[in-house]
Each structure stands twice: as structure tokens, then as C-alpha cells.
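Student: This is work.txt, which holds compact mmCIF, C-alpha atoms:
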```txt
# COMPACT_ATOMS: atom_id res chain seq x y z
CA MET A 297 -16.51 15.27 -54.65
CA ALA A 298 -17.65 17.97 -57.07
CA LEU A 299 -15.37 16.85 -59.91
CA THR A 300 -16.76 13.88 -61.84
CA ALA A 301 -14.25 11.49 -63.38
CA ILE A 302 -16.58 9.88 -65.97
CA ILE A 303 -18.89 12.07 -68.05
CA TYR A 304 -21.07 10.93 -70.94
CA LYS A 305 -22.06 13.76 -73.31
CA SER A 306 -25.30 12.73 -75.03
CA SER A 307 -25.30 15.83 -77.25
CA THR A 308 -22.01 14.89 -78.89
CA ARG A 309 -22.05 11.12 -78.21
CA GLU A 310 -18.69 11.36 -76.49
CA LEU A 311 -17.24 10.02 -73.25
CA GLU A 312 -15.01 12.33 -71.24
CA LEU A 313 -12.60 10.69 -68.81
CA LEU A 314 -10.57 12.58 -66.23
CA ASP A 315 -6.97 11.69 -67.08
CA GLN A 316 -5.79 10.19 -63.80
CA ARG A 317 -2.25 9.88 -65.13
CA LEU A 318 -1.86 13.66 -64.78
CA LEU A 319 -3.14 14.03 -61.22
CA PRO A 320 -2.47 15.69 -58.84
CA THR A 321 -0.67 18.42 -60.78
CA LYS A 322 -3.11 18.79 -63.68
CA THR A 323 -6.79 18.09 -64.36
CA ASP A 324 -7.55 17.30 -67.97
CA PHE A 325 -9.99 15.05 -69.81
CA VAL A 326 -9.51 12.44 -72.52
CA VAL A 327 -12.37 12.36 -75.03
CA CYS A 328 -13.42 8.96 -76.41
CA LYS A 329 -15.73 8.57 -79.41
CA ASN A 330 -15.66 4.79 -80.00
CA SER A 331 -14.93 1.48 -78.31
CA THR A 332 -11.31 1.39 -79.48
CA GLU A 333 -10.54 4.70 -77.82
CA VAL A 334 -12.32 3.60 -74.64
CA ALA A 335 -10.37 0.33 -74.53
CA GLU A 336 -7.11 2.24 -75.01
CA ALA A 337 -8.05 4.62 -72.18
CA ILE A 338 -8.70 1.69 -69.84
CA ARG A 339 -5.53 -0.14 -70.83
CA GLY A 340 -3.47 3.04 -70.62
CA MET A 341 -4.66 3.84 -67.06
CA VAL A 342 -6.51 7.04 -67.98
CA VAL A 343 -9.21 5.50 -65.83
CA ARG A 344 -8.60 2.78 -63.23
CA GLY A 345 -10.34 1.15 -60.30
CA ALA A 346 -12.61 -1.87 -60.80
CA PRO A 347 -16.03 -0.12 -60.64
CA ALA A 348 -14.82 2.81 -62.78
CA ILE A 349 -13.39 0.44 -65.38
CA GLY A 350 -16.73 -1.38 -65.58
CA ILE A 351 -18.69 1.87 -66.00
CA THR A 352 -16.27 3.14 -68.63
CA ALA A 353 -16.41 -0.11 -70.59
CA ALA A 354 -20.21 0.00 -70.46
CA TYR A 355 -20.19 3.44 -72.06
CA GLY A 356 -17.67 2.11 -74.59
CA LEU A 357 -20.15 -0.55 -75.69
CA ALA A 358 -22.87 2.09 -75.93
CA LEU A 359 -20.61 4.21 -78.16
CA ALA A 360 -19.98 1.16 -80.30
CA GLU A 361 -23.70 0.73 -80.91
CA LEU A 362 -24.17 4.44 -81.67
CA GLY A 363 -21.25 4.35 -84.10
CA GLY A 364 -22.43 1.28 -85.98
CA GLU A 365 -19.54 -0.89 -84.83
CA ASN A 366 -19.71 -4.66 -84.66
CA ILE A 367 -21.03 -5.10 -81.11
CA GLN A 368 -19.41 -8.47 -80.47
CA GLU A 369 -16.02 -7.23 -81.65
CA ALA A 370 -16.37 -4.14 -79.46
CA TYR A 371 -17.34 -6.34 -76.52
CA GLU A 372 -14.24 -8.52 -76.94
CA ARG A 373 -12.01 -5.48 -77.41
CA LEU A 374 -13.22 -3.86 -74.20
CA LEU A 375 -13.16 -7.14 -72.27
CA ALA A 376 -9.49 -7.65 -73.12
CA SER A 377 -8.43 -4.18 -71.99
CA ARG A 378 -7.65 -5.32 -68.41
CA PRO A 379 -8.11 -8.92 -67.25
CA THR A 380 -8.16 -8.92 -63.44
CA ALA A 381 -11.19 -6.79 -62.54
CA VAL A 382 -14.37 -8.88 -62.85
CA ASN A 383 -16.52 -5.71 -62.94
CA LEU A 384 -15.44 -5.26 -66.53
CA LYS A 385 -17.23 -8.39 -67.76
CA TRP A 386 -20.13 -7.90 -65.36
CA ALA A 387 -20.82 -4.40 -66.70
CA LEU A 388 -20.32 -5.38 -70.35
CA ASP A 389 -22.71 -8.33 -70.01
CA LYS A 390 -25.40 -6.11 -68.50
CA VAL A 391 -25.15 -3.54 -71.28
CA LEU A 392 -24.83 -6.15 -74.03
CA ALA A 393 -28.19 -7.60 -73.00
CA ALA A 394 -29.91 -4.19 -72.91
CA ALA A 395 -32.01 -2.83 -75.77
CA ASP A 396 -30.94 0.76 -75.04
CA LYS A 397 -27.23 0.56 -74.29
CA VAL A 398 -26.78 4.26 -73.51
CA LYS A 399 -29.59 4.19 -70.97
CA ALA A 400 -28.27 0.96 -69.46
CA SER A 401 -24.80 2.49 -69.08
CA GLN A 402 -26.18 5.61 -67.42
CA GLU A 403 -28.28 3.53 -65.03
CA LEU A 404 -25.26 1.38 -64.18
CA HIS A 405 -23.27 4.55 -63.44
CA GLU A 406 -25.98 5.96 -61.16
CA GLU A 407 -26.45 2.62 -59.44
CA ASP A 408 -22.74 2.41 -58.64
CA VAL A 409 -22.87 5.68 -56.70
CA GLU A 410 -25.81 4.41 -54.62
CA ILE A 411 -24.06 1.08 -54.02
CA ASN A 412 -20.96 2.90 -52.80
CA LYS A 413 -22.98 5.00 -50.38
CA LEU A 414 -24.66 1.89 -48.95
CA LEU A 415 -21.28 0.18 -48.67
CA GLY A 416 -19.83 3.24 -46.97
CA GLU A 417 -22.69 3.37 -44.49
CA ASN A 418 -22.25 -0.32 -43.67
CA GLY A 419 -18.53 0.13 -43.02
CA ALA A 420 -18.52 3.53 -41.31
CA ASN A 421 -18.88 2.23 -37.76
CA LEU A 422 -15.86 -0.07 -38.24
CA LEU A 423 -13.52 2.90 -38.51
CA GLU A 424 -12.12 5.07 -35.73
CA GLY A 425 -8.62 6.49 -35.41
CA GLY A 426 -5.83 5.68 -37.84
CA VAL A 427 -6.93 3.95 -41.05
CA LEU A 428 -4.29 2.61 -43.43
CA THR A 429 -5.19 2.19 -47.08
CA ILE A 430 -3.56 1.25 -50.36
CA CYS A 431 -4.07 2.40 -53.95
CA ASN A 432 -7.14 4.59 -54.61
CA THR A 433 -10.63 3.43 -53.73
CA GLY A 434 -12.51 6.70 -53.81
CA ALA A 435 -14.60 8.68 -56.28
CA LEU A 436 -11.88 8.39 -58.91
CA ALA A 437 -12.01 4.59 -58.83
CA THR A 438 -15.80 4.33 -58.93
CA GLY A 439 -18.88 6.15 -60.16
CA GLY A 440 -18.63 8.39 -57.09
CA HIS A 441 -18.15 8.34 -53.27
CA GLY A 442 -15.86 5.30 -53.33
CA THR A 443 -15.62 1.85 -51.74
CA ALA A 444 -12.92 1.64 -49.04
CA LEU A 445 -12.35 5.40 -49.12
CA GLY A 446 -16.13 5.75 -49.27
CA MET A 447 -16.22 4.06 -45.85
CA VAL A 448 -13.94 6.83 -44.59
CA ARG A 449 -16.19 9.52 -46.12
CA SER A 450 -19.24 7.95 -44.48
CA ALA A 451 -17.46 7.60 -41.13
CA LEU A 452 -16.52 11.28 -41.15
CA GLU A 453 -20.08 12.24 -42.08
CA LYS A 454 -21.23 10.39 -38.96
CA GLY A 455 -18.82 12.40 -36.83
CA ARG A 456 -16.26 9.65 -36.27
CA LYS A 457 -12.62 10.67 -35.86
CA VAL A 458 -10.63 9.10 -38.69
CA HIS A 459 -7.17 9.83 -40.03
CA VAL A 460 -6.11 8.24 -43.32
CA TYR A 461 -2.61 6.89 -43.81
CA ALA A 462 -2.16 6.44 -47.55
CA CYS A 463 0.45 4.03 -48.89
CA GLU A 464 2.07 5.54 -51.98
CA THR A 465 1.33 2.28 -53.88
CA ARG A 466 4.35 1.73 -56.05
CA PRO A 467 5.03 1.54 -58.91
CA TYR A 468 2.11 3.64 -60.25
CA ASN A 469 1.67 5.72 -57.10
CA GLN A 470 -2.14 5.74 -57.04
CA GLY A 471 -2.05 6.36 -53.30
CA ALA A 472 0.45 9.20 -53.49
CA ARG A 473 -1.14 10.87 -56.52
CA LEU A 474 -4.85 10.05 -56.28
CA THR A 475 -5.89 9.16 -52.73
CA THR A 476 -4.07 12.13 -51.24
CA TRP A 477 -5.61 14.38 -53.92
CA GLU A 478 -9.12 13.17 -53.06
CA CYS A 479 -8.45 13.67 -49.38
CA VAL A 480 -7.32 17.24 -49.99
CA GLN A 481 -10.42 17.95 -52.10
CA ASP A 482 -12.75 16.74 -49.33
CA ASN A 483 -10.72 17.90 -46.30
CA ILE A 484 -10.10 14.32 -45.14
CA PRO A 485 -7.19 14.17 -42.64
CA CYS A 486 -4.44 12.31 -44.47
CA THR A 487 -0.76 11.38 -44.15
CA LEU A 488 1.26 9.86 -46.99
CA ILE A 489 3.73 7.04 -46.31
CA THR A 490 5.92 4.87 -48.50
CA ASP A 491 4.76 1.27 -48.85
CA SER A 492 7.73 0.00 -46.86
CA MET A 493 6.75 2.11 -43.81
CA ALA A 494 3.44 0.31 -43.19
CA GLY A 495 4.73 -2.32 -40.77
CA PHE A 496 6.58 0.19 -38.60
CA LEU A 497 3.54 2.50 -38.58
CA MET A 498 1.46 -0.41 -37.25
CA LYS A 499 4.07 -1.14 -34.59
CA GLN A 500 3.79 2.47 -33.39
CA GLY A 501 0.10 1.86 -32.64
CA LYS A 502 -1.06 4.46 -35.14
CA VAL A 503 -3.22 2.11 -37.21
CA GLN A 504 -6.57 0.89 -35.87
CA ALA A 505 -7.81 -0.61 -39.15
CA VAL A 506 -6.54 -1.43 -42.64
CA ILE A 507 -8.95 -1.02 -45.56
CA ALA A 508 -8.58 -1.96 -49.21
CA GLY A 509 -10.73 -2.28 -52.29
CA CYS A 510 -10.90 -5.29 -54.56
CA ASP A 511 -10.86 -6.14 -58.24
CA ARG A 512 -12.18 -9.68 -57.86
CA VAL A 513 -13.32 -11.81 -54.93
CA ALA A 514 -13.32 -15.57 -55.45
CA ARG A 515 -16.11 -17.83 -54.24
CA ASN A 516 -14.03 -18.81 -51.17
CA GLY A 517 -13.28 -15.18 -50.23
CA ASP A 518 -9.74 -14.94 -51.63
CA THR A 519 -9.39 -11.36 -52.84
CA ALA A 520 -7.42 -9.80 -55.68
CA ASN A 521 -6.44 -6.18 -55.25
CA LYS A 522 -3.58 -3.81 -56.02
CA ILE A 523 -0.10 -5.27 -55.57
CA GLY A 524 0.97 -4.78 -51.96
CA THR A 525 -2.43 -5.58 -50.46
CA TYR A 526 -1.33 -9.10 -49.49
CA SER A 527 1.69 -7.69 -47.64
CA LEU A 528 -0.54 -5.31 -45.67
CA ALA A 529 -2.86 -8.18 -44.74
CA VAL A 530 0.07 -10.22 -43.41
CA LEU A 531 1.34 -7.25 -41.41
CA ALA A 532 -2.13 -6.47 -40.06
CA ASN A 533 -2.58 -10.10 -39.00
CA TYR A 534 0.76 -10.05 -37.16
CA HIS A 535 -0.11 -6.82 -35.35
CA LYS A 536 -3.69 -7.98 -34.62
CA ILE A 537 -5.25 -5.11 -36.58
CA PRO A 538 -8.58 -5.69 -38.40
CA PHE A 539 -8.27 -5.85 -42.18
CA TYR A 540 -11.36 -4.96 -44.23
CA ILE A 541 -12.16 -5.21 -47.93
CA GLY A 542 -14.62 -2.82 -49.58
CA MET A 543 -16.50 -5.31 -51.76
CA PRO A 544 -19.28 -4.19 -54.10
CA MET A 545 -21.25 -7.36 -54.87
CA SER A 546 -20.33 -6.92 -58.54
CA THR A 547 -16.75 -7.91 -57.64
CA LEU A 548 -17.80 -11.31 -56.25
CA ASP A 549 -17.06 -13.90 -58.93
CA MET A 550 -19.08 -17.03 -58.23
CA ASN A 551 -17.44 -18.75 -61.20
CA CYS A 552 -14.00 -18.41 -59.64
CA PRO A 553 -13.35 -21.10 -56.98
CA SER A 554 -10.28 -19.52 -55.34
CA GLY A 555 -7.54 -16.98 -55.70
CA ASP A 556 -5.48 -19.48 -57.68
CA ASN A 557 -7.97 -19.03 -60.53
CA ILE A 558 -7.80 -15.23 -60.70
CA PRO A 559 -5.83 -13.93 -63.71
CA ILE A 560 -3.15 -11.46 -62.63
CA GLU A 561 -2.35 -8.67 -65.05
CA GLU A 562 1.32 -7.84 -65.60
CA ARG A 563 2.08 -4.25 -66.50
CA PRO A 564 4.85 -3.01 -68.86
CA PRO A 565 8.39 -3.19 -67.44
CA GLY A 566 8.87 0.52 -68.12
CA GLU A 567 6.50 1.40 -65.27
CA LEU A 568 9.21 0.11 -62.92
CA PHE A 569 12.38 2.20 -62.97
CA SER A 570 15.54 0.40 -63.93
CA ALA A 571 18.68 2.17 -65.13
CA LEU A 572 20.19 -1.17 -66.11
CA PRO A 573 18.62 -2.63 -69.28
CA SER A 574 20.11 -6.05 -68.54
CA VAL A 575 18.09 -6.34 -65.31
CA GLY A 576 14.79 -8.16 -65.76
CA VAL A 577 11.54 -6.63 -64.45
CA TRP A 578 8.55 -8.42 -62.90
CA ASN A 579 5.61 -6.03 -62.61
CA PRO A 580 2.32 -7.68 -61.54
CA ALA A 581 -0.42 -5.12 -61.06
CA PHE A 582 -2.31 -7.17 -58.46
CA ASP A 583 -1.85 -9.82 -55.79
CA VAL A 584 -4.25 -12.16 -53.99
CA THR A 585 -4.97 -12.02 -50.26
CA PRO A 586 -6.16 -15.35 -48.78
CA ALA A 587 -9.56 -15.18 -47.10
CA ASN A 588 -8.17 -16.23 -43.73
CA LEU A 589 -6.26 -12.94 -43.48
CA ILE A 590 -9.38 -10.81 -44.01
CA THR A 591 -11.52 -9.70 -41.05
CA GLY A 592 -14.56 -8.69 -43.11
CA TRP A 593 -15.81 -7.83 -46.58
CA VAL A 594 -17.97 -4.69 -46.52
CA SER A 595 -20.63 -4.69 -49.23
CA GLU A 596 -23.85 -2.88 -50.02
CA GLU A 597 -25.61 -5.88 -48.44
CA GLY A 598 -23.76 -5.65 -45.14
CA VAL A 599 -20.50 -6.92 -43.64
CA TRP A 600 -19.55 -10.42 -44.68
CA THR A 601 -17.28 -12.68 -42.65
CA LYS A 602 -15.49 -15.78 -43.88
CA ASP A 603 -18.37 -18.10 -42.96
CA LYS A 604 -20.55 -16.36 -45.59
CA PHE A 605 -18.41 -17.67 -48.44
CA TRP A 606 -18.67 -20.97 -50.26
CA ILE A 607 -15.50 -22.73 -49.16
```
Would you write out, as C-alpha cells, the structure that this file holds?

Tutor:
Amino acid sequence: MALTAIIYKSSTRELELLDQRLLPTKTDFVVCKNSTEVAEAIRGMVVRGAPAIGITAAYGLALAELGGENIQEAYERLLASRPTAVNLKWALDKVLAAADKVKASQELHEEDVEINKLLGENGANLLEGGVLTICNTGALATGGHGTALGMVRSALEKGRKVHVYACETRPYNQGARLTTWECVQDNIPCTLITDSMAGFLMKQGKVQAVIAGCDRVARNGDTANKIGTYSLAVLANYHKIPFYIGMPMSTLDMNCPSGDNIPIEERPPGELFSALPSVGVWNPAFDVTPANLITGWVSEEGVWTKDKFWI
């Protein structure tokens, strides 16, 4: 993808973030000059996707150092911006320990692109035919190329015939707005469906694999990802369709025993439409898919199966 979603301007000491809230109808950038603005951009969904959040937070800590902020306060501020994705802490810890925080952030950004390409290569041969996905796991959600959608890019580069079915991913519509937009940019065959159509699509025999990203993988393989992922895993299991997770190793949390220990972020009620103020709203941003519903975890180190985890 030619358009880069995260741009650090060394000449002005500013971070430019493609405002993903405006896609696909408008491309505009939010400019951040300090850690507070970066944390607000992450919390406000200007940028989203576990790897992209980690990269953005890393740059936020670098801006804090350049601006003479209290580094520990900036660290805590950025860490609290979104709780579920473990990449956030992983990236912040790496940059916090670095002498040159700008350089460390830039290296982390470049490394993420290479990791995604390795992950995509490792997963490419698993895909052929209809591939169902949820949320956005492409260049917009990472430093570039993508994780689960990166597997699709790599499969197409190898000449494999793949057609993406993108779940709209209610309530924030990352699939409808972002995944379809990426597919159009890169000429990836794509069809949009509502989330509730997934089971019937599988029954029609149009889905040969389901792929998803992840925000945190527990030590036993339980996987947190965008709300609706668990439902797809159950449906895939019923229809005997392989279900794969694109898992950069940075999302594996060895300090988290199981999915029961993963904090689940709840988003503001206003993101869910309700014309009746008296009706309560429950709006979790993520769910947890048990390891026994996952066929494989595709990482930059290869394809993991359940026996690789520490049960």
C-alpha cells in the first residue's frame, strides 16, 4: 500500500496519523506533538489495530522525551489509552529502555513491517478460495503489509486464488470501512457481508478458511480479538472450516495464563445506536476465543498449533 498510516516527521518533531475514523470517504491526518495528543488519538480510534497502536505509542514516548515531559507520566498515560492490546506495553517498554527513543521507535516501526511480511509468507499457503475475515488486519492496523490480511496479500503475490469476504464488524465497522478500502487500493477481490451473514455464507460452501488478527494471546493459546471473532470461531468449528490467527510474537503474553485474565475494553455506549435512552448498552470491544477452536496461529516464526502453547 502506497499510503502510510503512521508518519514521524523528524524535521518538525511531529507524528502524523491517518485518521481512520474518516475512511473510506476521506483521507486526512491528525498531527500529534506530545504524548497527551498521541494517547487521545489512540483512545479516540484515530489509529487502531494492536501493532499500529504499539508503534504509535512508541512514537508518543519519543515525543515526550523530545518535549521535556516526565517520561514515567507519559508512559503511564500512553499505557492507559487502550487496555486489551499487549503490544502497547511491549512497545512502550522497548522504547522506555532505549537511550535514543526516536531511533528505537523508528526501528520498531520498520521491524513491524518485516515481521508482517514473514508472517504473511508463513500463512500464504494456507489460503485458497474464499477467506472470511473480521475487523481490519492490514496495513492500516500495523506498520505495513498487515497480519491476517497480510497473509492474503502474500498468497496473492504467490499466485494463489483468494477472495476475501469481509465482515462489516459492528459497531465500529472496521471491516466495512477499512478492510474493503484496503482491498480496493490493492485490487484484492473482496465482498462485504454483515456480521450476521457469516454462518449462512459458510453453509453455502463459499468459505475455505477464516482468518483473524489478535490483540493478545494468552500463554495457553486463548486469543483476544475484535468482538465477533469468538462467534466466527464457533461457526467455523461447526462447519469444519480451518480458523487461523495472525499472531505477531509481540502479541503473545507469557504473563497471562489464560483468556480469563485478559482485560476486555468496553467502549462508550454512544458507539452503539439506541434511540431509546432508557435502554442499557453493553459494548465490549473484544472477545476471547478459546484455544481449542483455533486451527493455527501464524507468526513470523512459523505456524503454531495448540501443542506449542504452555497449557

Student: Find the residues around range 300-314 of chain A up to 6 Å (only C-alpha atoms counted), leave out those fewer than 4 positions away in its own chain, and share them as a list in words.

Tutor: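 The residues satisfying every condition are Asp324, Phe325, Val326, Val327, Cys328, Lys329 and Leu436 of chain A.
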
Student: So how far away is CA of Pro347 in chain A from CA of Leu392 in chain A, in Å?

Tutor: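 Going from CA of Leu392 in chain A over to CA of Pro347 in chain A covers 17.1 Å.
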
Student: Using only C-alpha atoms, pick whichever of A:Ala462, A:Leu568, A:Leu414, A:Ala520 has the shortest atom-to-atom distance to Glu596 in chain A.

Tutor: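 Smallest distance to Glu596 in chain A is found for A:Leu414.
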
Student: If you measure from CA of Ser331 in chain A to CA of Leu404 in chain A, what distance in Å do you get, rounded to one decimal?

Tutor: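 If I compute the distance from CA of Ser331 in chain A to CA of Leu404 in chain A, I get 17.5 Å.
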
Student: Between A:Leu531, A:Val458, A:Leu474, A:Ile523, which is the closest to Gln504 in chain A once you count only C-alpha atoms?

Tutor: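 Of A:Leu531, A:Val458, A:Leu474, A:Ile523, the one nearest Gln504 in chain A is A:Val458, counting only C-alpha atoms.
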
Student: So which one's closest to Ser492 in chain A, A:Leu528, A:Ala472, A:Val460, A:Val391? Using all atoms listed in the file, please.

Tutor: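 For Ser492 in chain A, the nearest of the given residues is A:Leu528.
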
Student: How far is it from CA of Pro467 in chain A to CA of Phe569 in chain A, in Å with one decimal?

Tutor: 8.4 Å
